[in-house]
Amino acid sequence: MTDESRTIDAASEPIGTRESGMSGASGRWRASGLSRVFGIVRPLLRLLSCIRFDEVLVLQGAPLIGAVLAMDGLTLGNIAKVAVLVTGNCCLVAHVVVLNDWSGMHGDLNDPNRAAGVFMTKGIGRTELGCLCVALLGLALALFGALGATTFVLASAIAVLSALYSAPAFHMKGLPLANSGLHLFGGLLHFLLGYAVFSAPDMRSVAVGCFFALVFAAGHLTHETRDREADLLNGIRTNAVSFGRTNSFLAGFALFTIADCLLIALAVQGAVPRILAGVALLYPLHLYWTIRALREGLGFESVRRLQGRYRALYGVIGLTLLSAAVLGR
């Protein structure tokens, strides 16, 4: 067929038929494109589902409060920096959580309370989770590097502490007392990470940061109490395994008590908003819940209920501190 005859045939073809063919081709192209997008997104979402987002959310408070206490006002530029801080901290905490899960896979599979949530049950391999862990750290350090050299160094130090605690080469999770030392230092650095976005760390910031460090270490001693049976089964010498469930639990509550006393003292001195002295009114509630958990025998469910309650309590304290700091400017 000559070019001329093909042109004539195309011209004589009904317009509706030509449009229908073009529409069909376009529809097939769009369907193919969507299929490719879903083919990429679906595995990514499955991989991201391995992150314990509840833990990530809980650990956003300290650096955010540090940033608000250090900033000189709610300008658009400062709000943008806070957004970068929160995004970077989400990535950093997610890295810490993923590294812990990646390193503790075999132990978690032996724990009846955790086995169902292990990433392998979701069709995710160890290599894939390891790549996610590295990617999260890289993104976190890039964001903190954009905020300045000090925040980059602090974020890197937190990542090092996480590796010392979780990585198989070090596994200081199984070194009693030393593991609590890592949590104390890490909790302090986490607060300073936010503070350093707007101001150089000073004695006031270190003092306030010690409150968050004590709460973080106390919470982890309670966590060890909850998981004692699984850690004992897996041969991990946590404080609860080495010194006993009750001793670890009471040590954690003692650190909570010291933290509350420190916050009240800081409020009285004006280092934090004075309304935080009202923590004294909340302490009896924490004490009551603690005694109740002791009477219930410190079983897994009993301690987990206590964790949910005191996290809510400290969430109220954190929101009060945050609100008072913002409104007081």
# chains A, B, ... in the order shown; residues from 1 in each chain; ligands from 1
$ residues_around --residues "range 138-140 of chain A" --least-positions-apart "2" --cutoff "8 Å" --atoms "only C-alpha atoms" --output "PDB file with all heavy atoms, in the first residue's frame"
ATOM      1  N   THR A  87      11.617  15.835  61.322  1.00  0.00           N
ATOM      2  CA  THR A  87      11.790  14.838  60.262  1.00  0.00           C
ATOM      3  C   THR A  87      13.081  14.049  60.465  1.00  0.00           C
ATOM      4  O   THR A  87      13.096  12.816  60.367  1.00  0.00           O
ATOM      5  CB  THR A  87      11.812  15.515  58.879  1.00  0.00           C
ATOM      6  OG1 THR A  87      10.631  16.293  58.712  1.00  0.00           O
ATOM      7  CG2 THR A  87      11.895  14.486  57.767  1.00  0.00           C
ATOM      8  N   GLY A  88      14.157  14.777  60.751  1.00  0.00           N
ATOM      9  CA  GLY A  88      15.428  14.105  60.985  1.00  0.00           C
ATOM     10  C   GLY A  88      15.380  13.204  62.200  1.00  0.00           C
ATOM     11  O   GLY A  88      15.922  12.086  62.183  1.00  0.00           O
ATOM     12  N   ASN A  89      14.710  13.651  63.270  1.00  0.00           N
ATOM     13  CA  ASN A  89      14.630  12.840  64.472  1.00  0.00           C
ATOM     14  C   ASN A  89      13.781  11.594  64.259  1.00  0.00           C
ATOM     15  O   ASN A  89      14.080  10.531  64.803  1.00  0.00           O
ATOM     16  CB  ASN A  89      14.061  13.666  65.629  1.00  0.00           C
ATOM     17  CG  ASN A  89      14.155  12.941  66.949  1.00  0.00           C
ATOM     18  OD1 ASN A  89      15.209  12.463  67.336  1.00  0.00           O
ATOM     19  ND2 ASN A  89      13.029  12.819  67.638  1.00  0.00           N
ATOM     20  N   CYS A  90      12.710  11.720  63.465  1.00  0.00           N
ATOM     21  CA  CYS A  90      11.905  10.540  63.132  1.00  0.00           C
ATOM     22  C   CYS A  90      12.769   9.489  62.426  1.00  0.00           C
ATOM     23  O   CYS A  90      12.699   8.296  62.734  1.00  0.00           O
ATOM     24  CB  CYS A  90      10.727  10.933  62.245  1.00  0.00           C
ATOM     25  SG  CYS A  90       9.364  11.737  63.115  1.00  0.00           S
ATOM     26  N   CYS A  91      13.587   9.946  61.486  1.00  0.00           N
ATOM     27  CA  CYS A  91      14.472   9.033  60.759  1.00  0.00           C
ATOM     28  C   CYS A  91      15.519   8.422  61.694  1.00  0.00           C
ATOM     29  O   CYS A  91      15.814   7.228  61.622  1.00  0.00           O
ATOM     30  CB  CYS A  91      15.159   9.750  59.605  1.00  0.00           C
ATOM     31  SG  CYS A  91      14.050  10.263  58.282  1.00  0.00           S
ATOM     32  N   LEU A  92      16.067   9.250  62.587  1.00  0.00           N
ATOM     33  CA  LEU A  92      17.100   8.764  63.501  1.00  0.00           C
ATOM     34  C   LEU A  92      16.541   7.739  64.478  1.00  0.00           C
ATOM     35  O   LEU A  92      17.141   6.673  64.694  1.00  0.00           O
ATOM     36  CB  LEU A  92      17.706   9.947  64.264  1.00  0.00           C
ATOM     37  CG  LEU A  92      18.828   9.617  65.252  1.00  0.00           C
ATOM     38  CD1 LEU A  92      20.014   8.985  64.537  1.00  0.00           C
ATOM     39  CD2 LEU A  92      19.261  10.874  66.014  1.00  0.00           C
ATOM     40  N   VAL A 134      20.221   1.428  57.154  1.00  0.00           N
ATOM     41  CA  VAL A 134      21.288   2.304  56.650  1.00  0.00           C
ATOM     42  C   VAL A 134      20.698   3.545  55.977  1.00  0.00           C
ATOM     43  O   VAL A 134      21.186   4.669  56.161  1.00  0.00           O
ATOM     44  CB  VAL A 134      22.194   1.534  55.669  1.00  0.00           C
ATOM     45  CG1 VAL A 134      23.190   2.477  55.006  1.00  0.00           C
ATOM     46  CG2 VAL A 134      22.932   0.415  56.396  1.00  0.00           C
ATOM     47  N   ALA A 135      19.630   3.347  55.199  1.00  0.00           N
ATOM     48  CA  ALA A 135      19.006   4.478  54.501  1.00  0.00           C
ATOM     49  C   ALA A 135      18.437   5.488  55.490  1.00  0.00           C
ATOM     50  O   ALA A 135      18.571   6.713  55.300  1.00  0.00           O
ATOM     51  CB  ALA A 135      17.901   3.969  53.576  1.00  0.00           C
ATOM     52  N   LEU A 136      17.812   5.011  56.553  1.00  0.00           N
ATOM     53  CA  LEU A 136      17.252   5.910  57.568  1.00  0.00           C
ATOM     54  C   LEU A 136      18.354   6.718  58.243  1.00  0.00           C
ATOM     55  O   LEU A 136      18.202   7.926  58.476  1.00  0.00           O
ATOM     56  CB  LEU A 136      16.474   5.106  58.615  1.00  0.00           C
ATOM     57  CG  LEU A 136      15.124   4.547  58.176  1.00  0.00           C
ATOM     58  CD1 LEU A 136      14.608   3.540  59.192  1.00  0.00           C
ATOM     59  CD2 LEU A 136      14.101   5.665  57.975  1.00  0.00           C
ATOM     60  N   ALA A 142      21.918  13.491  56.995  1.00  0.00           N
ATOM     61  CA  ALA A 142      21.863  14.553  55.974  1.00  0.00           C
ATOM     62  C   ALA A 142      21.010  15.722  56.472  1.00  0.00           C
ATOM     63  O   ALA A 142      21.386  16.893  56.312  1.00  0.00           O
ATOM     64  CB  ALA A 142      21.301  13.994  54.677  1.00  0.00           C
ATOM     65  N   LEU A 143      19.881  15.427  57.090  1.00  0.00           N
ATOM     66  CA  LEU A 143      18.998  16.475  57.600  1.00  0.00           C
ATOM     67  C   LEU A 143      19.639  17.228  58.761  1.00  0.00           C
ATOM     68  O   LEU A 143      19.577  18.461  58.829  1.00  0.00           O
ATOM     69  CB  LEU A 143      17.665  15.867  58.028  1.00  0.00           C
ATOM     70  CG  LEU A 143      16.772  15.364  56.882  1.00  0.00           C
ATOM     71  CD1 LEU A 143      15.630  14.509  57.417  1.00  0.00           C
ATOM     72  CD2 LEU A 143      16.223  16.540  56.079  1.00  0.00           C
ATOM     73  N   PHE A 144      20.268  16.497  59.667  1.00  0.00           N
ATOM     74  CA  PHE A 144      20.903  17.170  60.800  1.00  0.00           C
ATOM     75  C   PHE A 144      22.148  17.935  60.353  1.00  0.00           C
ATOM     76  O   PHE A 144      22.487  18.973  60.935  1.00  0.00           O
ATOM     77  CB  PHE A 144      21.247  16.161  61.900  1.00  0.00           C
ATOM     78  CG  PHE A 144      20.049  15.729  62.696  1.00  0.00           C
ATOM     79  CD1 PHE A 144      19.645  14.407  62.717  1.00  0.00           C
ATOM     80  CD2 PHE A 144      19.318  16.660  63.421  1.00  0.00           C
ATOM     81  CE1 PHE A 144      18.532  14.017  63.444  1.00  0.00           C
ATOM     82  CE2 PHE A 144      18.200  16.281  64.152  1.00  0.00           C
ATOM     83  CZ  PHE A 144      17.807  14.956  64.163  1.00  0.00           C
ATOM     84  N   ALA A 155      23.773  13.919  66.543  1.00  0.00           N
ATOM     85  CA  ALA A 155      23.032  12.821  65.918  1.00  0.00           C
ATOM     86  C   ALA A 155      23.948  11.629  65.669  1.00  0.00           C
ATOM     87  O   ALA A 155      23.554  10.468  65.873  1.00  0.00           O
ATOM     88  CB  ALA A 155      22.406  13.292  64.609  1.00  0.00           C
TER      89      ALA A 155
END
$ select_by_dssp --residues "range 111-218 of chain A" --states "alpha helix (DSSP H)" --output "PyMOL selection string"
chain A and resi 126-147+149-166+178-195+203-218
$ closest_atom_pairs --of "range 248-286 of chain A" --to "range 222-243 of chain A" --cutoff "12 Å" --atoms "only C-alpha atoms" --output "Markdown table"
| residue | atom | partner | partner_atom | distance |
| --- | --- | --- | --- | --- |
| A:Ser248 | CA | A:Ala240 | CA | 5.0 |
| A:Phe249 | CA | A:Thr222 | CA | 5.4 |
| A:Leu250 | CA | A:Thr222 | CA | 8.5 |
| A:Ala251 | CA | A:Thr222 | CA | 8.6 |
| A:Gly252 | CA | A:Thr222 | CA | 5.8 |
| A:Phe253 | CA | A:Thr222 | CA | 8.0 |
| A:Ala254 | CA | A:Thr222 | CA | 11.0 |
| A:Leu255 | CA | A:Thr222 | CA | 10.5 |
| A:Phe256 | CA | A:Thr222 | CA | 10.3 |
$ atom_distance --atom1 "CA of Asp260 in chain A" --atom2 "CA of Ala67 in chain A"
20.9 Å
$ closest_residue --among "A:Gly104, A:Arg311, A:Leu85, A:Ala196" --to "Thr151 in chain A" --atoms "only C-alpha atoms"
A:Ala196
$ residues_around --residues "Gly73 in chain A" --least-positions-apart "4" --cutoff "12 Å" --atoms "only C-alpha atoms" --output "compact mmCIF listing (two decimals) with all heavy atoms, in the first residue's frame"
# COMPACT_ATOMS: atom_id res chain seq x y z
N ALA A 67 14.28 22.25 71.46
CA ALA A 67 14.29 23.29 70.43
C ALA A 67 13.44 24.48 70.84
O ALA A 67 13.84 25.64 70.68
CB ALA A 67 13.78 22.70 69.11
N VAL A 68 12.26 24.21 71.39
CA VAL A 68 11.36 25.30 71.78
C VAL A 68 11.95 26.13 72.92
O VAL A 68 11.82 27.36 72.95
CB VAL A 68 9.98 24.73 72.17
CG1 VAL A 68 9.10 25.80 72.78
CG2 VAL A 68 9.29 24.13 70.94
N LEU A 69 12.62 25.46 73.87
CA LEU A 69 13.23 26.20 74.98
C LEU A 69 14.39 27.08 74.51
O LEU A 69 14.69 28.10 75.12
CB LEU A 69 13.74 25.22 76.04
CG LEU A 69 12.68 24.51 76.89
CD1 LEU A 69 13.33 23.52 77.84
CD2 LEU A 69 11.85 25.53 77.68
N GLY A 77 11.16 31.07 59.74
CA GLY A 77 12.45 30.40 59.63
C GLY A 77 12.65 29.38 60.73
O GLY A 77 13.14 28.27 60.48
N ASN A 78 12.27 29.74 61.96
CA ASN A 78 12.41 28.81 63.08
C ASN A 78 11.48 27.62 62.95
O ASN A 78 11.85 26.49 63.28
CB ASN A 78 12.15 29.54 64.40
CG ASN A 78 13.29 30.46 64.78
OD1 ASN A 78 14.36 30.41 64.19
ND2 ASN A 78 13.06 31.32 65.77
N ILE A 79 10.27 27.87 62.47
CA ILE A 79 9.32 26.77 62.27
C ILE A 79 9.84 25.79 61.22
O ILE A 79 9.71 24.57 61.35
CB ILE A 79 7.93 27.32 61.88
CG1 ILE A 79 7.31 28.07 63.06
CG2 ILE A 79 7.01 26.20 61.42
CD1 ILE A 79 6.02 28.80 62.73
N VAL A 82 12.42 23.65 62.83
CA VAL A 82 11.78 22.64 63.69
C VAL A 82 11.24 21.49 62.83
O VAL A 82 11.33 20.31 63.22
CB VAL A 82 10.65 23.27 64.53
CG1 VAL A 82 9.81 22.19 65.20
CG2 VAL A 82 11.24 24.21 65.58
N PHE A 198 19.04 25.81 67.87
CA PHE A 198 18.87 27.26 68.03
C PHE A 198 19.88 27.91 68.98
O PHE A 198 20.00 29.13 68.98
CB PHE A 198 17.45 27.55 68.55
CG PHE A 198 16.38 27.16 67.59
CD1 PHE A 198 15.64 25.99 67.77
CD2 PHE A 198 16.12 27.92 66.45
CE1 PHE A 198 14.65 25.62 66.87
CE2 PHE A 198 15.14 27.56 65.55
CZ PHE A 198 14.40 26.41 65.76
N ALA A 325 6.21 27.02 77.39
CA ALA A 325 7.37 27.65 76.78
C ALA A 325 6.94 28.51 75.58
O ALA A 325 7.45 29.61 75.38
CB ALA A 325 8.36 26.59 76.35
N VAL A 326 5.99 28.00 74.80
CA VAL A 326 5.53 28.74 73.62
C VAL A 326 4.73 29.97 74.03
O VAL A 326 4.94 31.08 73.54
CB VAL A 326 4.69 27.83 72.70
CG1 VAL A 326 4.03 28.65 71.60
CG2 VAL A 326 5.55 26.75 72.10
N LEU A 327 3.79 29.79 74.96
CA LEU A 327 2.91 30.90 75.38
C LEU A 327 3.65 31.94 76.19
O LEU A 327 3.24 33.10 76.25
CB LEU A 327 1.74 30.34 76.18
CG LEU A 327 0.78 29.44 75.41
CD1 LEU A 327 -0.26 28.85 76.36
CD2 LEU A 327 0.11 30.19 74.27
N GLY A 328 4.74 31.52 76.81
CA GLY A 328 5.49 32.46 77.64
C GLY A 328 6.40 33.38 76.88
O GLY A 328 7.04 34.26 77.45
N ARG A 329 6.48 33.23 75.55
CA ARG A 329 7.37 34.08 74.74
C ARG A 329 6.70 35.41 74.42
O ARG A 329 5.52 35.47 74.21
CB ARG A 329 7.74 33.34 73.45
CG ARG A 329 8.55 32.07 73.78
CD ARG A 329 9.16 31.46 72.56
NE ARG A 329 9.91 30.28 72.94
CZ ARG A 329 11.10 30.27 73.50
NH1 ARG A 329 11.69 31.43 73.74
NH2 ARG A 329 11.71 29.17 73.82
$ closest_residue --among "A:His171, A:Arg274, A:Arg114, A:His286" --to "Phe300 in chain A" --atoms "only C-alpha atoms"
A:Arg114
$ residues_around --residues "range 275-283 of chain A" --least-positions-apart "2" --cutoff "8 Å" --atoms "only C-alpha atoms" --output "list in words"
Asp260, Leu263, Ile264, Ala265, Ala267, Val268, Val272, Pro273, Leu285, His286, Leu287, Leu313, Ile317, Thr320, Leu321 and Ala324 of chain A
$ closest_residue --among "A:Cys210, A:Thr127, A:Lys122, A:Ala83" --to "Ile258 in chain A" --atoms "only C-alpha atoms"
A:Cys210
